[in-house]
Structure formats: C-alpha cells, structure tokens
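Shown below: coords-v1.cif, with mmCIF, C-alpha atoms, pLDDT in the B column; chains and numbers go by the auth columns.
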```cif
data_coords
loop_
_atom_site.group_PDB
_atom_site.id
_atom_site.type_symbol
_atom_site.label_atom_id
_atom_site.label_comp_id
_atom_site.label_asym_id
_atom_site.label_seq_id
_atom_site.Cartn_x
_atom_site.Cartn_y
_atom_site.Cartn_z
_atom_site.B_iso_or_equiv
_atom_site.auth_seq_id
_atom_site.auth_asym_id
ATOM 1 C CA MET A 1 7.474 16.142 -25.444 41.00 1 A
ATOM 2 C CA ALA A 2 6.473 17.896 -22.219 43.00 2 A
ATOM 3 C CA VAL A 3 2.718 17.265 -22.552 40.00 3 A
ATOM 4 C CA SER A 4 3.278 13.557 -23.056 39.00 4 A
ATOM 5 C CA SER A 5 5.657 13.338 -20.123 39.00 5 A
ATOM 6 C CA ASN A 6 3.207 15.235 -17.885 41.00 6 A
ATOM 7 C CA LEU A 7 0.367 12.936 -18.947 40.00 7 A
ATOM 8 C CA THR A 8 2.555 9.883 -18.451 39.00 8 A
ATOM 9 C CA HIS A 9 3.473 11.169 -14.995 41.00 9 A
ATOM 10 C CA PHE A 10 -0.197 11.872 -14.234 43.00 10 A
ATOM 11 C CA THR A 11 -1.135 8.366 -15.416 40.00 11 A
ATOM 12 C CA SER A 12 1.538 6.657 -13.336 40.00 12 A
ATOM 13 C CA VAL A 13 0.692 8.759 -10.296 42.00 13 A
ATOM 14 C CA ALA A 14 -3.033 8.089 -10.738 42.00 14 A
ATOM 15 C CA LEU A 15 -2.565 4.359 -10.961 41.00 15 A
ATOM 16 C CA ASN A 16 0.006 4.000 -8.196 41.00 16 A
ATOM 17 C CA ALA A 17 -1.150 6.760 -5.890 42.00 17 A
ATOM 18 C CA PRO A 18 -1.864 6.597 -2.226 41.00 18 A
ATOM 19 C CA ARG A 19 -5.349 7.875 -1.461 49.00 19 A
ATOM 20 C CA THR A 20 -4.892 11.504 -2.581 48.00 20 A
ATOM 21 C CA LEU A 21 -3.301 12.518 -5.859 46.00 21 A
ATOM 22 C CA SER A 22 -3.162 16.260 -5.368 41.00 22 A
ATOM 23 C CA SER A 23 0.343 16.791 -3.981 39.00 23 A
ATOM 24 C CA ALA A 24 2.095 14.505 -6.453 37.00 24 A
ATOM 25 C CA ILE A 25 0.224 15.880 -9.441 38.00 25 A
ATOM 26 C CA LYS A 26 0.562 19.489 -8.358 38.00 26 A
ATOM 27 C CA ALA A 27 4.343 19.211 -8.647 36.00 27 A
ATOM 28 C CA SER A 28 4.154 17.863 -12.203 34.00 28 A
ATOM 29 C CA VAL A 29 1.848 20.277 -14.003 36.00 29 A
ATOM 30 C CA CYS A 30 1.993 23.824 -15.190 33.00 30 A
ATOM 31 C CA PRO A 31 0.710 26.055 -12.360 33.00 31 A
ATOM 32 C CA ILE A 32 -2.023 28.037 -14.099 32.00 32 A
ATOM 33 C CA PRO A 33 -4.316 29.560 -11.450 35.00 33 A
ATOM 34 C CA LEU A 34 -7.904 28.370 -11.263 35.00 34 A
ATOM 35 C CA HIS A 35 -10.883 30.509 -10.484 36.00 35 A
ATOM 36 C CA ASN A 36 -12.966 29.868 -7.390 35.00 36 A
ATOM 37 C CA ALA A 37 -16.061 28.039 -8.577 37.00 37 A
ATOM 38 C CA CYS A 38 -17.331 24.508 -8.040 50.00 38 A
ATOM 39 C CA THR A 39 -18.150 24.361 -11.748 46.00 39 A
ATOM 40 C CA SER A 40 -15.817 23.808 -14.648 40.00 40 A
ATOM 41 C CA GLY A 41 -13.699 26.785 -15.617 42.00 41 A
ATOM 42 C CA ASN A 42 -13.155 27.916 -19.154 37.00 42 A
ATOM 43 C CA TRP A 43 -9.505 26.932 -19.391 36.00 43 A
ATOM 44 C CA SER A 44 -8.807 24.968 -22.499 35.00 44 A
ATOM 45 C CA SER A 45 -6.168 22.386 -23.231 34.00 45 A
ATOM 46 C CA THR A 46 -4.795 24.946 -25.678 32.00 46 A
ATOM 47 C CA SER A 47 -3.301 26.901 -22.749 31.00 47 A
ATOM 48 C CA LEU A 48 -1.359 23.929 -21.407 32.00 48 A
ATOM 49 C CA LEU A 49 -0.373 22.722 -24.861 31.00 49 A
ATOM 50 C CA SER A 50 0.742 26.132 -26.045 30.00 50 A
ATOM 51 C CA ILE A 51 2.960 26.620 -23.014 30.00 51 A
ATOM 52 C CA HIS A 52 4.601 23.241 -23.284 36.00 52 A
ATOM 53 C CA GLY A 53 4.501 23.153 -27.092 35.00 53 A
ATOM 54 C CA SER A 54 6.491 26.399 -27.365 33.00 54 A
ATOM 55 C CA ARG A 55 9.680 24.437 -26.636 35.00 55 A
ATOM 56 C CA ARG A 56 9.465 22.799 -30.061 35.00 56 A
ATOM 57 C CA SER A 57 11.360 24.304 -32.963 38.00 57 A
ATOM 58 C CA ARG A 58 8.445 24.131 -35.416 38.00 58 A
ATOM 59 C CA PRO A 59 4.762 25.005 -34.988 39.00 59 A
ATOM 60 C CA ILE A 60 2.576 22.352 -33.389 35.00 60 A
ATOM 61 C CA SER A 61 -0.941 21.220 -34.135 34.00 61 A
ATOM 62 C CA VAL A 62 -2.820 22.108 -30.972 35.00 62 A
ATOM 63 C CA GLN A 63 -6.075 20.523 -32.195 38.00 63 A
ATOM 64 C CA ALA A 64 -4.444 17.165 -32.832 40.00 64 A
ATOM 65 C CA MET A 65 -2.652 17.267 -29.512 40.00 65 A
ATOM 66 C CA SER A 66 -5.840 18.325 -27.713 50.00 66 A
ATOM 67 C CA SER A 67 -7.797 15.331 -28.946 58.00 67 A
ATOM 68 C CA SER A 68 -4.891 13.013 -28.211 66.00 68 A
ATOM 69 C CA PHE A 69 -4.464 14.531 -24.756 67.00 69 A
ATOM 70 C CA GLY A 70 -8.219 14.303 -24.152 75.00 70 A
ATOM 71 C CA SER A 71 -8.446 10.676 -25.185 87.00 71 A
ATOM 72 C CA ARG A 72 -5.460 9.769 -23.021 92.00 72 A
ATOM 73 C CA LEU A 73 -6.984 11.626 -20.094 93.00 73 A
ATOM 74 C CA GLU A 74 -10.263 9.769 -20.671 95.00 74 A
ATOM 75 C CA GLU A 75 -8.398 6.436 -20.716 96.00 75 A
ATOM 76 C CA THR A 76 -6.713 7.388 -17.444 95.00 76 A
ATOM 77 C CA VAL A 77 -10.045 8.276 -15.820 97.00 77 A
ATOM 78 C CA LYS A 78 -11.641 5.016 -16.956 96.00 78 A
ATOM 79 C CA LYS A 79 -8.683 3.005 -15.674 97.00 79 A
ATOM 80 C CA THR A 80 -8.765 4.884 -12.357 97.00 80 A
ATOM 81 C CA LEU A 81 -12.478 4.082 -11.976 97.00 81 A
ATOM 82 C CA GLU A 82 -11.906 0.410 -12.829 95.00 82 A
ATOM 83 C CA GLU A 83 -9.082 -0.012 -10.339 95.00 83 A
ATOM 84 C CA ASN A 84 -10.542 1.859 -7.366 96.00 84 A
ATOM 85 C CA PRO A 85 -13.806 0.833 -5.665 96.00 85 A
ATOM 86 C CA VAL A 86 -14.728 4.384 -4.594 98.00 86 A
ATOM 87 C CA VAL A 87 -13.487 7.538 -6.340 98.00 87 A
ATOM 88 C CA VAL A 88 -14.392 11.105 -5.416 98.00 88 A
ATOM 89 C CA TYR A 89 -13.425 13.993 -7.695 98.00 89 A
ATOM 90 C CA SER A 90 -13.376 16.922 -5.309 98.00 90 A
ATOM 91 C CA LYS A 91 -12.149 20.430 -4.592 98.00 91 A
ATOM 92 C CA THR A 92 -10.512 21.138 -1.253 98.00 92 A
ATOM 93 C CA TRP A 93 -12.597 24.227 -0.511 98.00 93 A
ATOM 94 C CA CYS A 94 -15.988 22.816 -1.550 98.00 94 A
ATOM 95 C CA SER A 95 -18.284 22.140 1.430 98.00 95 A
ATOM 96 C CA TYR A 96 -20.266 19.527 -0.535 98.00 96 A
ATOM 97 C CA SER A 97 -17.055 17.641 -1.293 98.00 97 A
ATOM 98 C CA THR A 98 -16.133 17.807 2.390 98.00 98 A
ATOM 99 C CA GLU A 99 -19.556 16.438 3.343 98.00 99 A
ATOM 100 C CA VAL A 100 -19.148 13.412 1.040 98.00 100 A
ATOM 101 C CA LYS A 101 -15.576 12.732 2.204 98.00 101 A
ATOM 102 C CA THR A 102 -16.736 12.968 5.834 98.00 102 A
ATOM 103 C CA LEU A 103 -19.629 10.564 5.156 98.00 103 A
ATOM 104 C CA PHE A 104 -17.283 7.973 3.635 98.00 104 A
ATOM 105 C CA ASN A 105 -14.880 8.451 6.542 97.00 105 A
ATOM 106 C CA ARG A 106 -17.705 7.813 9.060 97.00 106 A
ATOM 107 C CA LEU A 107 -18.594 4.652 7.134 97.00 107 A
ATOM 108 C CA GLY A 108 -14.970 3.463 7.288 95.00 108 A
ATOM 109 C CA VAL A 109 -14.486 3.829 3.532 96.00 109 A
ATOM 110 C CA GLU A 110 -11.283 5.275 2.094 96.00 110 A
ATOM 111 C CA PRO A 111 -12.140 6.592 -1.354 97.00 111 A
ATOM 112 C CA LEU A 112 -9.521 7.642 -3.839 98.00 112 A
ATOM 113 C CA VAL A 113 -9.897 11.425 -3.621 98.00 113 A
ATOM 114 C CA ILE A 114 -8.733 13.502 -6.566 98.00 114 A
ATOM 115 C CA GLU A 115 -8.586 17.191 -5.651 98.00 115 A
ATOM 116 C CA LEU A 116 -9.162 19.012 -8.927 98.00 116 A
ATOM 117 C CA ASP A 117 -8.188 22.416 -7.529 98.00 117 A
ATOM 118 C CA GLU A 118 -4.690 21.154 -6.698 98.00 118 A
ATOM 119 C CA MET A 119 -3.927 19.792 -10.167 96.00 119 A
ATOM 120 C CA GLY A 120 -2.958 22.991 -11.935 96.00 120 A
ATOM 121 C CA ALA A 121 -4.180 23.237 -15.529 94.00 121 A
ATOM 122 C CA GLN A 122 -5.213 19.581 -15.628 94.00 122 A
ATOM 123 C CA GLY A 123 -7.903 20.136 -12.976 96.00 123 A
ATOM 124 C CA PRO A 124 -10.325 22.118 -15.175 96.00 124 A
ATOM 125 C CA GLN A 125 -9.591 19.814 -18.120 95.00 125 A
ATOM 126 C CA LEU A 126 -10.403 16.791 -16.002 96.00 126 A
ATOM 127 C CA GLN A 127 -13.578 18.454 -14.728 97.00 127 A
ATOM 128 C CA LYS A 128 -14.686 19.168 -18.303 96.00 128 A
ATOM 129 C CA LEU A 129 -14.008 15.550 -19.239 96.00 129 A
ATOM 130 C CA LEU A 130 -16.059 14.355 -16.253 97.00 130 A
ATOM 131 C CA GLU A 131 -18.891 16.653 -17.328 97.00 131 A
ATOM 132 C CA ARG A 132 -18.781 15.159 -20.817 96.00 132 A
ATOM 133 C CA LEU A 133 -18.783 11.610 -19.409 96.00 133 A
ATOM 134 C CA THR A 134 -21.424 12.113 -16.692 97.00 134 A
ATOM 135 C CA GLY A 135 -23.378 15.254 -17.523 97.00 135 A
ATOM 136 C CA GLN A 136 -22.442 16.633 -14.089 98.00 136 A
ATOM 137 C CA HIS A 137 -20.401 19.842 -14.035 96.00 137 A
ATOM 138 C CA THR A 138 -20.047 20.231 -10.261 97.00 138 A
ATOM 139 C CA VAL A 139 -18.065 18.513 -7.520 98.00 139 A
ATOM 140 C CA PRO A 140 -18.064 16.227 -5.740 98.00 140 A
ATOM 141 C CA ASN A 141 -18.355 13.721 -8.532 98.00 141 A
ATOM 142 C CA VAL A 142 -18.722 10.288 -6.894 98.00 142 A
ATOM 143 C CA PHE A 143 -18.131 6.872 -8.459 98.00 143 A
ATOM 144 C CA ILE A 144 -18.690 3.515 -6.750 97.00 144 A
ATOM 145 C CA GLY A 145 -17.620 0.347 -8.496 96.00 145 A
ATOM 146 C CA GLY A 146 -16.900 2.330 -11.642 96.00 146 A
ATOM 147 C CA LYS A 147 -20.511 3.558 -11.729 96.00 147 A
ATOM 148 C CA HIS A 148 -21.325 7.251 -11.512 98.00 148 A
ATOM 149 C CA ILE A 149 -23.393 7.897 -8.377 97.00 149 A
ATOM 150 C CA GLY A 150 -23.700 11.661 -8.702 98.00 150 A
ATOM 151 C CA GLY A 151 -22.815 14.451 -6.333 98.00 151 A
ATOM 152 C CA CYS A 152 -23.319 15.156 -2.663 98.00 152 A
ATOM 153 C CA SER A 153 -27.133 15.125 -2.764 98.00 153 A
ATOM 154 C CA GLU A 154 -27.325 11.779 -4.530 98.00 154 A
ATOM 155 C CA THR A 155 -24.711 10.176 -2.258 98.00 155 A
ATOM 156 C CA VAL A 156 -26.409 11.434 0.916 98.00 156 A
ATOM 157 C CA LYS A 157 -29.806 10.345 -0.428 98.00 157 A
ATOM 158 C CA LEU A 158 -28.474 6.812 -1.016 98.00 158 A
ATOM 159 C CA HIS A 159 -27.158 6.782 2.548 98.00 159 A
ATOM 160 C CA ARG A 160 -30.465 8.011 4.047 98.00 160 A
ATOM 161 C CA LYS A 161 -32.391 5.376 2.086 98.00 161 A
ATOM 162 C CA GLY A 162 -30.056 2.700 3.465 98.00 162 A
ATOM 163 C CA GLU A 163 -28.712 1.861 -0.001 97.00 163 A
ATOM 164 C CA LEU A 164 -25.169 3.237 0.203 97.00 164 A
ATOM 165 C CA GLU A 165 -23.707 0.769 2.713 97.00 165 A
ATOM 166 C CA PRO A 166 -25.041 -2.326 0.899 96.00 166 A
ATOM 167 C CA LEU A 167 -23.624 -0.929 -2.358 95.00 167 A
ATOM 168 C CA LEU A 168 -20.239 -0.410 -0.702 95.00 168 A
ATOM 169 C CA ALA A 169 -20.362 -3.900 0.843 94.00 169 A
ATOM 170 C CA GLU A 170 -21.162 -5.404 -2.559 93.00 170 A
ATOM 171 C CA ILE A 171 -18.151 -3.665 -4.110 89.00 171 A
ATOM 172 C CA LYS A 172 -15.942 -4.782 -1.212 87.00 172 A
ATOM 173 C CA ASN A 173 -17.110 -8.406 -1.649 88.00 173 A
ATOM 174 C CA LYS A 174 -16.463 -8.329 -5.405 83.00 174 A
ATOM 175 C CA LYS A 175 -12.955 -7.017 -4.773 79.00 175 A
ATOM 176 C CA ALA A 176 -12.286 -9.710 -2.139 84.00 176 A
ATOM 177 C CA GLN A 177 -13.411 -12.457 -4.551 84.00 177 A
ATOM 178 C CA SER A 178 -11.144 -11.316 -7.359 75.00 178 A
#
```
Using structure tokens, write down the structure from this file.
Amino acid sequence: MAVSSNLTHFTSVALNAPRTLSSAIKASVCPIPLHNACTSGNWSSTSLLSIHGSRRSRPISVQAMSSSFGSRLEETVKKTLEENPVVVYSKTWCSYSTEVKTLFNRLGVEPLVIELDEMGAQGPQLQKLLERLTGQHTVPNVFIGGKHIGGCSETVKLHRKGELEPLLAEIKNKKAQS
C-alpha cells in the first residue's frame, strides 16, 4: 500500500540520512502545500491517507490507518532521537530555526536537521506528533541526547548560562564510549 511504502521510505531515509532529510523525503511524499506559519497546520492524516487509499478497490478505514500511521511515525521519531545526538526539527524560512542552526554550527556541532516545510504532507503530521510528545507547537524543536531541550529561547538560554557546551560534550563522550 502506498502509505506503508511512503512510511517505510521515510523510516529508511530518516535512519540512514545524511544531515538533512528534506530533499530525500520531499521526493517521496504527496506534495500537499503547507501554509506559512511556524505552528502546526490543520492538515490531517486523512488527507494523505485518502489520496493514497483511493487506489484500493474497496473502501479503507482511515481511522485505523491514521492510528497505525501515527504510531509508526512516533516509533520513527523515537528511533531518530535515540540514534542522533542532536536533532533539530526546523522550517527553512523560520528565523528562530536559523538562529539555532547557526549556534550549533558556531559550536562545531552538526545536528540532524529535519526541515518540516520540505516534507510535504508528512511535515504538519510530524509537527503535530512533536506537539503531542513535547507540548511545543513551534519550531525549532531541539533534542539533545534524546531529551527535549525546547525551542530557540531555551537553547540560547542554555548557551548563555554556559550549560549547552557541557551538555553537548557529555553526549559526545557517551557516544565515544559506546
């Protein structure tokens, strides 16, 4: 089924990606336009599932597929956070996302950057999932060592207090030891 193959492709891309997922994922998803806001849109998984589900010869259960799709997406996010020391969920046009990416760059850190606005219909779904997991509905959404740090303000505050670099060093040391 198309939804499963897209999710499988997303999962394999997410786990084997270089530092930015956007171009590989953009080619694999249904190109539904997003609206220009740093917050989650109101696109539902129903849109993606209905488009791809229409290829089936009999009616599909969108609710069942939505929960299955959501749980698989959640598993993918958790695995991504486990396997990457620093992850930034971002939007290319968001100045706060740019500020965080620039800060990490100045510190010599290469986070895994996932550009939600370049993911087609999966971007808003992923942002809604992140909101459910973290309570934060805006980008950037920063994770260090699998732990949610927050957005731009929280990341910059950690840096100004001198706590960000030791946290990054700790994560780097843990990775080197394993």
**Q.** Between CA of Glu74 (chain A) and CA of Ala121 (chain A), distance in Å (one decimal)
**A.**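 It comes out at 15.6 Å.
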Q: Determine the nearest neighbour of Gly150 (chain A) from the options A:Ser178, A:Glu83, A:Glu110, A:Ser97, counting only C-alpha atoms.
A: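 Going through A:Ser178, A:Glu83, A:Glu110, A:Ser97 one by one, the smallest distance to Gly150 (chain A) is for A:Ser97.
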Region 146-159 of chain A: axis-aligned bounding box, 4 Å on each side, centre and edge lengths in Å, one decimal, as AutoDock Vina command-line options:
```
--center_x -23.4 --center_y 8.7 --center_z -4.6 --size_x 20.9 --size_y 20.8 --size_z 22.3
```
Q.
Using all atoms listed in the file, can you tell me which of A:Gly123, A:Asn105, A:Pro85, A:Leu116 comes closest to Lys175 (chain A)?
A.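 Of all the options, A:Pro85 lies closest to Lys175 (chain A).
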Q: Please identify all polymer residues within 12 Å of Thr138 (chain A), counting all atoms listed in the file, omitting same-chain residues fewer than 2 positions from it, and present them as an MDAnalysis selection string.
A: chainID A and resid 37:41 88:91 94:97 116 124 126:132 134:136 140:142 150:153
Q: Using CA of Ser71 (chain A) and CA of Glu154 (chain A) as the two end points, give the distance in Å to one decimal.
A: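 Computed distance, CA of Ser71 (chain A) to CA of Glu154 (chain A), equals 28.0 Å.
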Q: Report the distance between CA of Glu165 (chain A) and CA of Thr76 (chain A) in Å, rounded to one decimal place.
A: 27.2 Å
Q.
Calculated over all atoms listed in the file, which of the candidates A:Val139, A:Val156, A:Leu133, A:Lys172 has the smallest distance to Glu75 (chain A)?
A.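 Looking at the shortest contact to Glu75 (chain A), the residue is A:Leu133.
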**Q.** Residues matched by the PyMOL selection byres ((chain A and resi 107) around 12) as a PyMOL selection string
**A.** chain A and resi 100-106+108-111+159+164-166+168-169
